[in-house]
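A.B. asks: Take a look at the following structure, please.
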Amino acid sequence: MSERTSQATPAAAVRFPLGLIAACLALVAVLLLPLPADLPVAGHRMLAILVFAVTVWVTEAVSYEASAIMITSLMAILIGTAPTVHDPSLVYGSSAGISMALSGFSNPALALVVGALFLAAAMTYTGLDRRIALVTLSKVGASTRRILLGAMLVIVLLSLVVPSATARSACVVPIMVGVIAAFGVAKRSNIAAGIMIIVAQGTSIWNVGIQTAAAQNLLTVGFMDKMLGQRVSWLDWLIAGAPWALIMSGVLIALVLKILPPETDSIPGGMAAVKRNLAELGPMTGPQKRLAAVSVLLLLGWATEGKLHPFDTTSTTYAGLVWLLLPRFGVMNWKDVQASIPWGTVIVFGVGISLGTALLTTQAGQWLGVQVVQHTGLDRIGTLGVFAVLSGFLILIHLGFASATALTSAMLPILVAVLQTLPGDFSRLGMAMLLGFAVSFGFILPINAPQNMVCLGTDTFNPKQFALVGGAVSLIGYLLLLLFAATYWAWLGWM
């Protein structure tokens, strides 16, 4: 009997994921469909690869890193053996196919993601992010409402200087767990649940407000560069997104207090714990001071792009990294932080840009855009109606994605192609940015964003509590998007 068990275990371990089987079948099914007369062969094959990618991402059949390698291989083979778009008598060849599959790795947006990940690692390595969080919490007071407000303020401040949503939540969560423990309340109390839900959903809210706060924003900027030939500056993004995020921050706190009313309004001991932890950190270290100075200079550089200097966000970020990596004058070296960088994210990001670019190069994106416009009537409902439909679509489909980066890679190039196909005089660039806002709506399911899962791991709330708050946040946030689109963003010229 033990022999049978030992023989069965390896078989179970190598069981082929059903999601991957479904993705392969979907790929073959699209390839077998009749080729439309106005769609190049390479474009047809790119649509098949897109369907494969979406299926793998939605089912989470394999890791995102593994899916990136699969997508790259498919592009190299299927596009490499396809006739070129401009001269069907010629074949792209495997060299051109793999070059197209790797084109995203030369995009400035990818370089900015790498730089942002290094900045986030520097914050964690020096402990500056923890100091910022504790100092902020020490100033807000001891009532439960003030603690909730303090958690949100921490998220806002760290969103400015830590360009990674996962890194921000990973920094804040242990601090807030300590605060909850100091309060002496149960882990499953409404107070504990409210604090952690605010950390998770507040992070997503401020992903909308600040361009460098999330990888999907930088991917959106990359698609703007590739497909529209222009992009939105860091300051313009802040001016457009921060007012929405500010209002939604207040809405989130109010919803948490309404749906998860705290058991008591004031609990002694929480602030004492915060101040004790802050005292244990001691005075600011030299590396923390230097990193703080570089962070402030980077914020100034990002905010004054195109106004006081000609350097874009990527260039100023790398200038800051040079300083941080200098011997003696910096705060870290390569060995200190390389293990903290999620290189898999870099791979997925690069392949995501390649996927979107290839959809454009092979004319698959444009063809899809024409089909969507012709069969949905988007060209007859006005600019606000278009935004309402496309942003609502992104919010709903996000329920099936565990990564906003994957959602952006799969859908944004198609939606930008739709915008380019639509008639009328409106800002395609502005609409692309506003649709990028909708990508960050990962409020309903814990699995919809990494920061949600980090907070869920504290066992302070259950998925039902999260969905109750998140559903209300999604509805109000969507309606506020439409209100802003009809007024504020239209006045700014983004509609």
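Just remember, in the structure tokens the first chain shown is A, the second B, etc., residues are 1-based per chain, and ligands are 1-based in the order shown.
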For Gly320 in chain A, find every residue with an atom within 9 Å (counting only C-alpha atoms), except residues of its own chain fewer than 3 positions away, and show them as a count of residues only.

C.D. replies: 11

A.B. asks: At a cut-off of 6 Å, can you tabulate as JSON lines every residue of range 124-211 of chain A near range 229-251 of chain A together with its closest atom pair and the distance in Å to one decimal, using only C-alpha atoms and ordering rows by chain then number?

C.D. replies:
```
{"residue": "A:Ile205", "atom": "CA", "partner": "A:Ala245", "partner_atom": "CA", "distance": 5.6}
{"residue": "A:Trp206", "atom": "CA", "partner": "A:Ala245", "partner_atom": "CA", "distance": 5.7}
{"residue": "A:Val208", "atom": "CA", "partner": "A:Gly241", "partner_atom": "CA", "distance": 5.8}
{"residue": "A:Gly209", "atom": "CA", "partner": "A:Ala242", "partner_atom": "CA", "distance": 4.1}
{"residue": "A:Ile210", "atom": "CA", "partner": "A:Leu238", "partner_atom": "CA", "distance": 5.4}
{"residue": "A:Gln211", "atom": "CA", "partner": "A:Trp234", "partner_atom": "CA", "distance": 5.9}
```

A.B. asks: Would you mind telling me which residue in A:Ser143, A:Ser106, A:Gln288, A:Ser204 lies nearest to Pro262 in chain A when using only C-alpha atoms?

C.D. replies: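 For Pro262 in chain A, the nearest of the given residues is A:Ser143.
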
A.B. asks: Could you pull the residues within 8 Å of range 70-74 of chain A, counting only C-alpha atoms, minus those fewer than 6 positions along the same chain, as a list in words?

C.D. replies: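 Near neighbours after the sequence-gap exclusion: Ile49, Ala53, Ile98, Ala101, Leu102 and Val351 of chain A.
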
A.B. asks: Got time to write the residues from that selection, C-alpha atoms, as a PDB file, in the first residue's frame?

C.D. replies:
```
ATOM      1  CA  ILE A  49      -1.612  34.915 -28.278  1.00  0.00           C
ATOM      2  CA  ALA A  53      -2.351  35.303 -22.211  1.00  0.00           C
ATOM      3  CA  ILE A  98      11.935  37.395 -30.855  1.00  0.00           C
ATOM      4  CA  ALA A 101       8.668  39.769 -28.192  1.00  0.00           C
ATOM      5  CA  LEU A 102      11.482  41.538 -26.331  1.00  0.00           C
ATOM      6  CA  VAL A 351       6.538  41.244 -21.833  1.00  0.00           C
TER       7      VAL A 351
END
```

A.B. asks: Among range 345-441 of chain A, which residues does DSSP mark as helix (DSSP H, G or I) when it is run on the backbone? Keep the chain and numbering as in the structure and answer as a JSON list (two decimals) with C-alpha atoms, in the first residue's frame.

C.D. replies:
```json
[["chain", "number", "residue", "atom", "x", "y", "z"],
["A", 345, "THR", "CA", 7.72, 41.81, -11.95],
["A", 346, "VAL", "CA", 10.28, 43.31, -14.32],
["A", 347, "ILE", "CA", 9.95, 40.34, -16.69],
["A", 348, "VAL", "CA", 6.15, 40.44, -16.67],
["A", 349, "PHE", "CA", 6.18, 44.20, -17.18],
["A", 350, "GLY", "CA", 8.54, 44.00, -20.16],
["A", 351, "VAL", "CA", 6.54, 41.24, -21.83],
["A", 352, "GLY", "CA", 3.32, 43.17, -21.14],
["A", 353, "ILE", "CA", 4.66, 46.16, -23.06],
["A", 354, "SER", "CA", 5.85, 43.83, -25.85],
["A", 355, "LEU", "CA", 2.39, 42.27, -26.06],
["A", 356, "GLY", "CA", 0.70, 45.66, -26.39],
["A", 357, "THR", "CA", 3.26, 46.92, -28.89],
["A", 358, "ALA", "CA", 2.96, 43.78, -31.02],
["A", 359, "LEU", "CA", -0.83, 44.13, -31.12],
["A", 360, "LEU", "CA", -0.25, 47.57, -32.60],
["A", 361, "THR", "CA", 2.59, 46.56, -34.97],
["A", 364, "ALA", "CA", -4.44, 43.46, -34.45],
["A", 365, "GLY", "CA", -5.18, 46.24, -31.98],
["A", 366, "GLN", "CA", -6.46, 48.57, -34.68],
["A", 367, "TRP", "CA", -8.63, 45.81, -36.16],
["A", 368, "LEU", "CA", -10.12, 45.02, -32.75],
["A", 369, "GLY", "CA", -10.76, 48.71, -32.17],
["A", 370, "VAL", "CA", -12.69, 48.98, -35.44],
["A", 371, "GLN", "CA", -14.74, 45.88, -34.60],
["A", 372, "VAL", "CA", -15.62, 47.19, -31.14],
["A", 373, "VAL", "CA", -16.72, 50.57, -32.48],
["A", 374, "GLN", "CA", -18.74, 49.07, -35.33],
["A", 375, "HIS", "CA", -20.57, 46.50, -33.20],
["A", 376, "THR", "CA", -21.18, 48.42, -29.97],
["A", 378, "LEU", "CA", -19.61, 53.60, -29.06],
["A", 379, "ASP", "CA", -19.30, 56.19, -31.83],
["A", 380, "ARG", "CA", -22.88, 57.36, -31.14],
["A", 382, "GLY", "CA", -20.61, 60.82, -26.87],
["A", 383, "THR", "CA", -17.30, 61.13, -25.06],
["A", 384, "LEU", "CA", -18.72, 60.80, -21.54],
["A", 385, "GLY", "CA", -20.72, 57.74, -22.59],
["A", 386, "VAL", "CA", -17.59, 56.15, -24.07],
["A", 387, "PHE", "CA", -15.70, 56.73, -20.83],
["A", 388, "ALA", "CA", -18.58, 55.36, -18.77],
["A", 389, "VAL", "CA", -18.74, 52.14, -20.82],
["A", 390, "LEU", "CA", -14.98, 51.51, -21.08],
["A", 391, "SER", "CA", -14.18, 52.35, -17.45],
["A", 392, "GLY", "CA", -17.11, 50.24, -16.25],
["A", 393, "PHE", "CA", -15.85, 47.37, -18.41],
["A", 394, "LEU", "CA", -12.38, 47.62, -16.84],
["A", 395, "ILE", "CA", -13.79, 47.67, -13.30],
["A", 396, "LEU", "CA", -15.94, 44.59, -13.94],
["A", 397, "ILE", "CA", -13.29, 42.58, -15.75],
["A", 398, "HIS", "CA", -10.80, 43.34, -12.97],
["A", 399, "LEU", "CA", -12.77, 40.86, -10.86],
["A", 400, "GLY", "CA", -11.17, 38.12, -12.95],
["A", 404, "ALA", "CA", -3.59, 45.19, -12.41],
["A", 405, "THR", "CA", -0.39, 44.97, -14.47],
["A", 406, "ALA", "CA", -1.75, 41.92, -16.31],
["A", 407, "LEU", "CA", -5.09, 43.65, -16.82],
["A", 408, "THR", "CA", -3.35, 46.72, -18.25],
["A", 409, "SER", "CA", -1.17, 44.59, -20.54],
["A", 410, "ALA", "CA", -4.17, 42.71, -21.91],
["A", 411, "MET", "CA", -6.80, 45.40, -22.24],
["A", 412, "LEU", "CA", -5.35, 48.90, -22.40],
["A", 413, "PRO", "CA", -3.74, 48.60, -25.87],
["A", 414, "ILE", "CA", -7.09, 47.45, -27.26],
["A", 415, "LEU", "CA", -8.99, 50.27, -25.55],
["A", 416, "VAL", "CA", -6.46, 52.86, -26.76],
["A", 417, "ALA", "CA", -6.94, 51.45, -30.27],
["A", 418, "VAL", "CA", -10.70, 51.88, -29.77],
["A", 419, "LEU", "CA", -10.12, 55.52, -28.79],
["A", 420, "GLN", "CA", -8.04, 56.06, -31.92],
["A", 421, "THR", "CA", -10.83, 54.58, -34.05],
["A", 428, "ARG", "CA", -7.21, 60.43, -26.63],
["A", 429, "LEU", "CA", -4.27, 60.97, -24.30],
["A", 430, "GLY", "CA", -6.49, 62.17, -21.46],
["A", 431, "MET", "CA", -8.98, 59.36, -21.94],
["A", 432, "ALA", "CA", -6.14, 56.81, -21.85],
["A", 433, "MET", "CA", -4.99, 58.26, -18.52],
["A", 434, "LEU", "CA", -8.51, 58.19, -17.09],
["A", 435, "LEU", "CA", -8.97, 54.57, -18.17],
["A", 436, "GLY", "CA", -5.67, 53.91, -16.41],
["A", 437, "PHE", "CA", -7.35, 55.23, -13.25],
["A", 438, "ALA", "CA", -10.09, 52.60, -13.60],
["A", 439, "VAL", "CA", -7.49, 49.81, -13.76]]
```

A.B. asks: Counting only C-alpha atoms, which of A:Met75, A:Ile191, A:Val469, A:Val51 gets nearest to Met100 in chain A?

C.D. replies: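 Closest residue, counting only C-alpha atoms: A:Met75.
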
A.B. asks: From the list A:Met495, A:Ala42, A:Leu326, A:Leu278, which residue is nearest Tyr92 in chain A when using only C-alpha atoms?

C.D. replies: A:Ala42

A.B. asks: Using only C-alpha atoms, which protein or nucleic acid residues come within 12 Å of Arg276 in chain A? Drop anything in the same chain fewer than 4 positions from it, and give the result as a PDB file with N, CA and C atoms, in the first residue's frame.

C.D. replies:
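Now in out.pdb:
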```pdb
ATOM      1  N   LEU A 134       5.663  55.655  11.361  1.00  0.00           N
ATOM      2  CA  LEU A 134       5.546  55.811  12.811  1.00  0.00           C
ATOM      3  C   LEU A 134       5.437  57.275  13.221  1.00  0.00           C
ATOM      4  N   VAL A 135       6.211  58.147  12.590  1.00  0.00           N
ATOM      5  CA  VAL A 135       6.123  59.576  12.898  1.00  0.00           C
ATOM      6  C   VAL A 135       4.725  60.097  12.596  1.00  0.00           C
ATOM      7  N   LEU A 137       1.853  58.376  12.450  1.00  0.00           N
ATOM      8  CA  LEU A 137       0.897  57.834  13.406  1.00  0.00           C
ATOM      9  C   LEU A 137       1.032  58.488  14.778  1.00  0.00           C
ATOM     10  N   SER A 138       2.244  58.866  15.158  1.00  0.00           N
ATOM     11  CA  SER A 138       2.459  59.471  16.481  1.00  0.00           C
ATOM     12  C   SER A 138       1.827  60.849  16.594  1.00  0.00           C
ATOM     13  N   ILE A 175       3.400  47.505  11.269  1.00  0.00           N
ATOM     14  CA  ILE A 175       3.224  48.613  12.212  1.00  0.00           C
ATOM     15  C   ILE A 175       1.794  48.620  12.736  1.00  0.00           C
ATOM     16  N   GLY A 178       1.072  45.941  15.184  1.00  0.00           N
ATOM     17  CA  GLY A 178       1.552  46.326  16.509  1.00  0.00           C
ATOM     18  C   GLY A 178       0.606  47.275  17.213  1.00  0.00           C
ATOM     19  N   VAL A 179       0.041  48.224  16.473  1.00  0.00           N
ATOM     20  CA  VAL A 179      -0.926  49.162  17.050  1.00  0.00           C
ATOM     21  C   VAL A 179      -2.163  48.410  17.538  1.00  0.00           C
ATOM     22  N   ALA A 182      -1.404  46.630  20.667  1.00  0.00           N
ATOM     23  CA  ALA A 182      -1.304  47.557  21.796  1.00  0.00           C
ATOM     24  C   ALA A 182      -2.683  47.994  22.282  1.00  0.00           C
ATOM     25  N   GLY A 269      -3.172  53.153  25.000  1.00  0.00           N
ATOM     26  CA  GLY A 269      -2.083  52.214  24.790  1.00  0.00           C
ATOM     27  C   GLY A 269      -1.571  52.181  23.366  1.00  0.00           C
ATOM     28  N   GLY A 270      -2.420  52.479  22.387  1.00  0.00           N
ATOM     29  CA  GLY A 270      -1.998  52.418  20.996  1.00  0.00           C
ATOM     30  C   GLY A 270      -0.904  53.410  20.674  1.00  0.00           C
ATOM     31  N   MET A 271      -1.113  54.680  21.063  1.00  0.00           N
ATOM     32  CA  MET A 271      -0.118  55.696  20.769  1.00  0.00           C
ATOM     33  C   MET A 271       1.158  55.478  21.566  1.00  0.00           C
ATOM     34  N   ALA A 272       1.006  54.924  22.758  1.00  0.00           N
ATOM     35  CA  ALA A 272       2.196  54.625  23.555  1.00  0.00           C
ATOM     36  C   ALA A 272       3.072  53.607  22.832  1.00  0.00           C
ATOM     37  N   GLU A 280      12.543  53.416  19.814  1.00  0.00           N
ATOM     38  CA  GLU A 280      13.491  52.324  19.580  1.00  0.00           C
ATOM     39  C   GLU A 280      14.295  52.518  18.302  1.00  0.00           C
ATOM     40  N   LEU A 281      13.729  53.261  17.356  1.00  0.00           N
ATOM     41  CA  LEU A 281      14.466  53.528  16.116  1.00  0.00           C
ATOM     42  C   LEU A 281      15.628  54.481  16.348  1.00  0.00           C
ATOM     43  N   GLY A 282      15.522  55.311  17.395  1.00  0.00           N
ATOM     44  CA  GLY A 282      16.568  56.285  17.666  1.00  0.00           C
ATOM     45  C   GLY A 282      16.513  57.441  16.679  1.00  0.00           C
TER      46      GLY A 282
END
```

A.B. asks: Can you pull out every residue within 8 Å of Leu20 in chain A, counting only C-alpha atoms, but drop anything in the same chain fewer than 4 positions away, and send it as a PDB file with N, CA and C atoms, in the first residue's frame?

C.D. replies:
```
ATOM      1  N   PHE A  16      -1.200  18.308 -15.033  1.00  0.00           N
ATOM      2  CA  PHE A  16      -1.178  19.490 -15.895  1.00  0.00           C
ATOM      3  C   PHE A  16      -2.286  20.449 -15.483  1.00  0.00           C
ATOM      4  N   CYS A  24      -4.280  26.794 -23.994  1.00  0.00           N
ATOM      5  CA  CYS A  24      -3.769  26.204 -25.232  1.00  0.00           C
ATOM      6  C   CYS A  24      -4.903  25.930 -26.216  1.00  0.00           C
ATOM      7  N   THR A  55      -6.302  34.077 -20.746  1.00  0.00           N
ATOM      8  CA  THR A  55      -6.774  32.849 -20.105  1.00  0.00           C
ATOM      9  C   THR A  55      -5.812  32.392 -19.015  1.00  0.00           C
ATOM     10  N   VAL A  56      -4.526  32.431 -19.306  1.00  0.00           N
ATOM     11  CA  VAL A  56      -3.526  32.027 -18.316  1.00  0.00           C
ATOM     12  C   VAL A  56      -3.546  32.957 -17.112  1.00  0.00           C
ATOM     13  N   ALA A  61      -3.065  29.716 -14.013  1.00  0.00           N
ATOM     14  CA  ALA A  61      -2.621  28.342 -14.242  1.00  0.00           C
ATOM     15  C   ALA A  61      -1.136  28.180 -13.943  1.00  0.00           C
ATOM     16  N   VAL A  62      -0.357  29.208 -14.261  1.00  0.00           N
ATOM     17  CA  VAL A  62       1.082  29.215 -13.964  1.00  0.00           C
ATOM     18  C   VAL A  62       1.419  30.572 -13.378  1.00  0.00           C
TER      19      VAL A  62
END
```

A.B. asks: Which of these, A:His44, A:Lys289, A:Lys258, A:Lys275, has the shortest distance to Ala472 in chain A once you count only C-alpha atoms?

C.D. replies: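 Nearest to Ala472 in chain A: A:Lys258.
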